[in-house]
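Participant: Have a peek at target-v2.cif (mmCIF, C-alpha atoms and all ligand atoms).
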```
data_run
loop_
_atom_site.label_atom_id
_atom_site.label_comp_id
_atom_site.auth_asym_id
_atom_site.auth_seq_id
_atom_site.Cartn_x
_atom_site.Cartn_y
_atom_site.Cartn_z
CA MET A 1 73.64 92.00 116.80
CA THR A 2 74.56 95.16 115.01
CA GLU A 3 78.11 96.32 115.44
CA ARG A 4 78.54 99.70 117.06
CA THR A 5 81.49 101.88 116.23
CA ASP A 6 80.46 104.92 118.19
CA GLY A 7 82.90 104.42 121.02
CA GLY A 8 80.25 103.10 123.35
CA GLU A 9 79.98 99.66 124.87
CA GLY A 10 80.30 98.05 121.46
CA GLN A 11 83.83 99.34 121.11
CA ARG A 12 85.31 96.37 122.88
CA ASN A 13 84.25 94.18 119.99
CA ASP A 14 85.24 96.61 117.29
CA PRO A 15 88.03 95.11 115.14
CA ARG A 16 89.44 98.54 114.30
CA SER A 17 89.78 99.34 118.01
CA ALA A 18 91.60 96.06 118.53
CA GLU A 19 93.95 96.88 115.65
CA LEU A 20 94.64 100.37 117.00
CA ALA A 21 95.26 98.97 120.49
CA GLU A 22 97.78 96.52 119.09
CA ARG A 23 99.63 99.10 117.00
CA LEU A 24 99.62 101.57 119.87
CA ALA A 25 101.08 98.97 122.21
CA ALA A 26 103.85 98.24 119.71
CA VAL A 27 104.72 101.93 119.42
CA ARG A 28 104.68 102.39 123.20
CA LYS A 29 107.06 99.46 123.47
CA ARG A 30 109.44 101.07 120.97
CA ILE A 31 109.26 104.35 122.90
CA ALA A 32 110.03 102.62 126.19
CA ALA A 33 112.93 100.67 124.68
CA ALA A 34 114.41 103.78 123.06
CA ALA A 35 114.07 105.79 126.26
CA GLU A 36 115.71 102.96 128.17
CA SER A 37 118.72 102.86 125.84
CA ALA A 38 118.99 106.64 125.94
CA GLY A 39 119.19 106.40 129.75
CA ARG A 40 115.92 108.22 130.23
CA GLY A 41 113.58 105.33 130.92
CA ASP A 42 112.06 107.35 133.76
CA ARG A 43 111.26 110.34 131.55
CA LEU A 44 109.20 109.17 128.62
CA PRO A 45 108.33 111.74 125.96
CA SER A 46 104.69 112.67 125.44
CA LEU A 47 102.95 110.88 122.63
CA ILE A 48 100.94 112.95 120.18
CA VAL A 49 99.05 110.77 117.71
CA VAL A 50 98.90 112.50 114.33
CA THR A 51 95.46 111.66 113.00
CA LYS A 52 95.41 113.64 109.74
CA PHE A 53 93.35 112.02 106.96
CA HIS A 54 91.90 109.50 109.41
CA ALA A 55 88.28 109.59 110.50
CA ALA A 56 87.15 111.30 113.69
CA GLU A 57 85.85 107.87 114.71
CA ASP A 58 89.44 106.63 114.95
CA ILE A 59 90.28 109.49 117.30
CA ARG A 60 87.34 108.43 119.46
CA ARG A 61 88.72 104.91 119.53
CA LEU A 62 92.17 106.22 120.45
CA ALA A 63 90.71 108.32 123.26
CA ALA A 64 89.06 105.20 124.63
CA LEU A 65 92.52 103.60 124.57
CA GLY A 66 93.91 106.39 126.73
CA ILE A 67 95.25 108.80 124.12
CA THR A 68 94.90 112.42 125.23
CA ASP A 69 96.95 114.30 122.63
CA VAL A 70 96.23 114.39 118.93
CA GLY A 71 97.89 116.24 116.06
CA GLU A 72 96.49 117.55 112.80
CA ASN A 73 98.06 119.48 109.94
CA ARG A 74 95.16 121.07 108.09
CA ASP A 75 92.89 123.60 109.75
CA GLN A 76 89.69 122.72 107.97
CA GLU A 77 89.97 119.04 108.83
CA ALA A 78 91.15 119.70 112.38
CA ALA A 79 88.41 122.22 113.14
CA ALA A 80 85.71 119.81 111.96
CA LYS A 81 87.10 116.95 114.03
CA ALA A 82 87.56 119.07 117.14
CA LEU A 83 83.92 120.13 116.87
CA GLU A 84 82.68 116.60 116.33
CA LEU A 85 84.72 115.32 119.28
CA ALA A 86 84.06 118.21 121.63
CA ASP A 87 82.67 115.76 124.20
CA LEU A 88 86.14 114.23 124.65
CA ALA A 89 88.85 115.77 126.82
CA LEU A 90 91.44 115.92 124.05
CA THR A 91 94.40 118.25 123.64
CA TRP A 92 94.78 119.33 120.01
CA HIS A 93 98.19 120.05 118.51
CA PHE A 94 98.52 121.80 115.17
CA VAL A 95 101.61 120.43 113.40
CA GLY A 96 101.34 121.61 109.77
CA GLN A 97 102.37 124.63 107.81
CA LEU A 98 99.99 127.37 108.78
CA GLN A 99 98.74 130.34 106.82
CA THR A 100 98.45 133.54 108.83
CA LYS A 101 94.78 133.90 107.95
CA LYS A 102 94.05 130.52 109.60
CA ALA A 103 95.55 131.52 112.94
CA LYS A 104 92.21 132.62 114.33
CA SER A 105 90.54 129.32 113.56
CA VAL A 106 93.43 127.22 114.88
CA ALA A 107 93.50 129.15 118.15
CA ARG A 108 89.88 128.12 118.78
CA TYR A 109 90.65 124.43 119.26
CA ALA A 110 94.42 124.02 119.48
CA ALA A 111 96.36 124.09 122.74
CA ALA A 112 99.67 124.05 120.87
CA VAL A 113 101.07 124.99 117.48
CA HIS A 114 104.27 123.12 116.54
CA SER A 115 104.94 124.92 113.28
CA VAL A 116 105.64 128.53 114.23
CA ASP A 117 108.22 129.67 111.71
CA ARG A 118 107.85 133.39 111.00
CA PRO A 119 107.12 136.68 112.78
CA GLN A 120 103.81 137.39 111.03
CA LEU A 121 102.48 134.04 112.21
CA VAL A 122 103.58 134.80 115.77
CA ASP A 123 101.65 138.07 115.65
CA ALA A 124 98.52 136.48 114.20
CA LEU A 125 98.54 133.64 116.73
CA ALA A 126 99.12 136.05 119.60
CA LYS A 127 96.15 138.16 118.63
CA ALA A 128 93.91 135.13 118.18
CA ALA A 129 94.99 133.51 121.44
CA ARG A 130 94.59 136.75 123.37
CA ASN A 131 91.04 137.15 122.08
CA GLY A 132 90.36 133.54 123.05
CA MET A 133 91.72 134.14 126.52
CA ASP A 134 89.43 137.12 126.95
CA ALA A 135 86.40 135.35 125.52
CA THR A 136 86.71 131.83 126.89
CA GLY A 137 89.45 131.97 129.48
CA ARG A 138 91.61 129.62 127.48
CA ALA A 139 95.25 129.15 128.49
CA PRO A 140 98.03 130.80 126.48
CA LEU A 141 98.79 128.97 123.24
CA ASP A 142 101.91 126.81 123.42
CA CYS A 143 104.24 127.63 120.53
CA PHE A 144 107.05 125.44 119.25
CA ILE A 145 109.43 127.13 116.83
CA GLN A 146 109.78 124.91 113.80
CA VAL A 147 113.43 124.70 112.78
CA SER A 148 114.67 123.67 109.36
CA LEU A 149 117.39 121.03 109.67
CA GLU A 150 118.31 120.81 106.02
CA ASP A 151 122.03 120.89 105.34
CA ASP A 152 121.72 123.21 102.38
CA GLY A 153 119.94 125.73 104.60
CA GLY A 154 116.76 125.13 102.60
CA THR A 155 113.27 124.92 104.03
CA HIS A 156 111.75 122.18 101.88
CA ARG A 157 110.05 120.64 104.88
CA GLY A 158 109.26 123.98 106.48
CA GLY A 159 110.79 125.76 109.40
CA ALA A 160 112.93 128.75 110.25
CA ALA A 161 116.69 128.74 109.83
CA PRO A 162 118.45 128.04 113.15
CA ALA A 163 119.89 131.57 113.03
CA ASP A 164 116.36 133.01 113.07
CA VAL A 165 115.30 131.18 116.22
CA PRO A 166 116.41 133.85 118.76
CA LEU A 167 114.32 136.61 117.17
CA LEU A 168 111.26 134.38 116.89
CA ALA A 169 111.73 133.29 120.48
CA GLU A 170 111.89 136.87 121.66
CA ARG A 171 108.71 137.73 119.79
CA ILE A 172 106.81 134.74 121.17
CA ALA A 173 108.05 135.29 124.71
CA ALA A 174 106.95 138.92 124.55
CA ALA A 175 103.44 138.08 123.29
CA ASP A 176 100.66 137.99 125.88
CA GLY A 177 98.65 135.14 124.44
CA LEU A 178 101.56 132.81 123.75
CA ASN A 179 103.77 130.48 125.72
CA LEU A 180 107.19 129.65 124.26
CA ALA A 181 107.24 125.87 124.53
CA GLY A 182 110.39 124.93 122.64
CA VAL A 183 111.51 123.77 119.20
CA MET A 184 110.12 121.39 116.62
CA ALA A 185 111.58 119.77 113.53
CA VAL A 186 110.95 117.21 110.85
CA ALA A 187 114.03 115.20 109.87
CA PRO A 188 115.24 115.96 106.33
CA LEU A 189 114.30 113.46 103.64
CA GLY A 190 116.97 111.13 102.38
CA ALA A 191 119.43 111.69 105.23
CA PRO A 192 119.94 109.82 108.50
CA PRO A 193 117.82 111.45 111.22
CA GLY A 194 120.40 111.20 114.03
CA PRO A 195 122.66 114.09 112.98
CA ALA A 196 119.60 116.24 112.23
CA PHE A 197 118.12 115.65 115.69
CA GLU A 198 121.51 116.25 117.25
CA LYS A 199 121.54 119.64 115.54
CA LEU A 200 118.03 120.31 116.88
CA ALA A 201 119.23 119.45 120.39
CA GLY A 202 121.90 122.13 119.98
CA VAL A 203 119.33 124.70 118.87
CA SER A 204 117.20 123.71 121.85
CA ALA A 205 120.09 124.07 124.31
CA ARG A 206 120.80 127.60 123.09
CA LEU A 207 117.11 128.50 123.39
CA VAL A 208 116.81 127.06 126.90
CA ALA A 209 119.86 129.07 128.01
CA ASP A 210 117.80 132.21 127.40
CA TYR A 211 114.34 130.79 128.16
CA PRO A 212 114.57 128.01 130.76
CA GLY A 213 110.89 127.20 130.38
CA ALA A 214 111.17 126.54 126.65
CA SER A 215 112.59 123.06 127.02
CA GLY A 216 110.23 121.22 124.68
CA ILE A 217 111.66 119.32 121.72
CA SER A 218 108.95 118.16 119.34
CA ALA A 219 110.69 115.58 117.16
CA GLY A 220 110.25 112.01 116.08
CA MET A 221 107.75 110.45 113.70
CA SER A 222 106.98 106.81 112.90
CA GLN A 223 110.24 106.24 111.05
CA ASP A 224 112.64 108.05 113.35
CA LEU A 225 111.25 108.11 116.87
CA GLU A 226 114.24 106.17 118.23
CA ALA A 227 116.74 108.74 116.93
CA ALA A 228 114.58 111.59 118.24
CA ILE A 229 114.42 110.07 121.72
CA MET A 230 118.19 109.56 121.68
CA PHE A 231 118.57 113.33 121.16
CA GLY A 232 116.11 114.46 123.80
CA ALA A 233 112.68 114.61 122.18
CA THR A 234 110.00 115.55 124.69
CA HIS A 235 107.05 115.31 122.29
CA LEU A 236 106.73 112.59 119.62
CA ARG A 237 104.37 113.03 116.69
CA ILE A 238 103.40 109.58 115.48
CA GLY A 239 100.90 108.91 112.72
CA SER A 240 101.13 105.95 110.40
CA ASP A 241 102.67 103.41 112.75
CA ILE A 242 99.60 103.75 114.96
CA LEU A 243 96.83 104.43 112.44
CA GLY A 244 98.16 102.63 109.39
CA SER A 245 98.92 104.27 106.10
CA ARG A 246 96.93 107.38 105.37
CA PRO A 247 94.03 107.05 102.97
CA ALA A 248 94.95 108.63 99.64
CA VAL A 249 93.64 112.15 99.27
CA GLY A 250 91.75 113.03 96.13
C1 LIG B 301 102.14 113.53 109.33
C2 LIG B 301 103.06 114.16 110.29
C3 LIG B 301 103.61 113.41 111.33
C4 LIG B 301 103.37 111.93 111.51
O1 LIG B 301 104.12 111.22 110.56
P1 LIG B 301 104.14 109.63 110.49
O2 LIG B 301 105.29 109.34 109.61
O3 LIG B 301 102.85 109.21 109.90
O4 LIG B 301 104.34 109.10 111.86
C5 LIG B 301 104.43 114.08 112.23
N1 LIG B 301 104.72 115.39 112.10
C6 LIG B 301 104.21 116.13 111.11
C7 LIG B 301 104.57 117.58 111.02
C8 LIG B 301 103.38 115.55 110.16
O5 LIG B 301 102.88 116.30 109.17
#
```
Could you rewrite the structure in this file as structure tokens?

Facilitator:
Amino acid sequence: MTERTDGGEGQRNDPRSAELAERLAAVRKRIAAAAESAGRGDRLPSLIVVTKFHAAEDIRRLAALGITDVGENRDQEAAAKALELADLALTWHFVGQLQTKKAKSVARYAAAVHSVDRPQLVDALAKAARNGMDATGRAPLDCFIQVSLEDDGGTHRGGAAPADVPLLAERIAAADGLNLAGVMAVAPLGAPPGPAFEKLAGVSARLVADYPGASGISAGMSQDLEAAIMFGATHLRIGSDILGSRPAVG
């Protein structure tokens, strides 16, 4: 019998699917335990599986395992996968640094951008999303403001300074094609994630005071999902603990 890996009937016998199912179950268990100890066992965060560098076939396997939300960080790769997997009802999240000139492409397949960090990008995304709404009736694009949590005020891992969040929020909220969804951050390297996510929770609280609908907190990766949940993450972005280490890029 030839082994099928196309997500059809043969998938049940596919060793990679079994591996993904096992890793996914382990991550879901961690999420449930963390939510329980944070006293929010009844409000689990959404799980976005970050599939960058992994084959579209793995996304198909994940969809068969019940995953609905996937994240990518490079437009070219994401656009190709979204096209290839257009038969699946997936929600695509763009989570990487984004050049303004790529906004138009990203708005074609993404429902959300988690890395909005400057006014020019807001304007480019708004224009692209508005055109998409006119042409295809798509919903407004969810925008998370990426916040830099580095102590030195640097932006090594991307993101706007916390002080710049109000102006970005105003610009997103005023844009027709965009929906202000909340804040996003990546924990700084080489520092415990807890204090960083606590700081993000503060930024979020100030944002929500002005924009009650913008209550999303996109935080938490494989290494720090517990700390993120402790400080209110609503959207986790998990890659390697579900898919395994990323293939090296050439
Ligand atoms: C790659 C990536 C993730 C997932 O990271 P893992 O450590 O593999 O879980 C999450 N967020 C962003 C912005 C990423 O680029």

Participant: Considering all atoms listed in the file, can you say which of A:Ser204, A:Thr136, A:Ser115, A:Ser148 comes closest to ligand LIG 301 (chain B)?

Facilitator: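 Closest candidate: A:Ser115.
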
Participant: A:Asn73, A:Asn13, A:Gln146, A:Ser46: which is nearest Val95 (chain A), counting only C-alpha atoms?

Facilitator: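 Smallest separation from Val95 (chain A) among the options: A:Asn73.
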
Participant: Taking only C-alpha atoms and all ligand atoms into account, which residues are within 12 Å of ligand LIG 301 (chain B), as a VMD selection string?

Facilitator: chain A and resid 24 27 47 to 54 70 to 74 93 to 98 113 to 116 144 146 to 148 157 to 159 184 to 189 218 to 225 235 to 247

Participant: Which residues come within 8 Å of Asn179 (chain A), counting only C-alpha atoms, excluding same-chain residues fewer than 6 positions away, as a list in words?

Facilitator: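 These residues fall inside the cut-off: Pro140, Leu141, Asp142, Cys143, Ile172 and Ala173 of chain A.
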
Participant: Which one of A:Leu83, A:Ala161, A:Ala205, A:Ala181 sits closest to Ala111 (chain A) if you count only C-alpha atoms?

Facilitator: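 Closest to Ala111 (chain A) of all the choices is A:Ala181.
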
Participant: Mind giving me the straight-line distance from CA of Ala169 (chain A) to CA of Arg206 (chain A) in Å, one decimal?

Facilitator: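 For CA of Ala169 (chain A) relative to CA of Arg206 (chain A), the distance reads 11.0 Å.
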
Participant: List as a PDB file with C-alpha atoms, in the frame of the given file the protein and nucleic acid residues near region 33-35 of chain A, meaning an atom at most 9 Å away when all atoms listed in the file are counted, but skip any in the same chain fewer than 6 places from it.

Facilitator:
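After the write, out31.pdb holds the following:
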```pdb
ATOM      1  CA  GLY A  41     113.580 105.330 130.920  1.00  0.00           C
ATOM      2  CA  ASP A  42     112.060 107.350 133.760  1.00  0.00           C
ATOM      3  CA  ARG A  43     111.260 110.340 131.550  1.00  0.00           C
ATOM      4  CA  LEU A  44     109.200 109.170 128.620  1.00  0.00           C
ATOM      5  CA  PRO A  45     108.330 111.740 125.960  1.00  0.00           C
ATOM      6  CA  LEU A 225     111.250 108.110 116.870  1.00  0.00           C
ATOM      7  CA  GLU A 226     114.240 106.170 118.230  1.00  0.00           C
ATOM      8  CA  ALA A 227     116.740 108.740 116.930  1.00  0.00           C
ATOM      9  CA  ILE A 229     114.420 110.070 121.720  1.00  0.00           C
ATOM     10  CA  MET A 230     118.190 109.560 121.680  1.00  0.00           C
TER      11      MET A 230
END
```

Participant: Hey, which of A:Ala228, A:Leu180, A:Ile59, A:Val208 ends up closest to Val122 (chain A)? Count all atoms listed in the file.

Facilitator: A:Leu180

Participant: Would you be able to write out as a PDB file with C-alpha atoms, in the frame of the given file which residues have an atom within 6 Å of (111.1, 125.1, 125.8) in the file's coordinates, counting only C-alpha atoms?

Facilitator:
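selection29.pdb, written as the output of this step:
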```pdb
ATOM      1  CA  ALA A 181     107.240 125.870 124.530  1.00  0.00           C
ATOM      2  CA  GLY A 182     110.390 124.930 122.640  1.00  0.00           C
ATOM      3  CA  GLY A 213     110.890 127.200 130.380  1.00  0.00           C
ATOM      4  CA  ALA A 214     111.170 126.540 126.650  1.00  0.00           C
ATOM      5  CA  SER A 215     112.590 123.060 127.020  1.00  0.00           C
ATOM      6  CA  GLY A 216     110.230 121.220 124.680  1.00  0.00           C
TER       7      GLY A 216
END
```
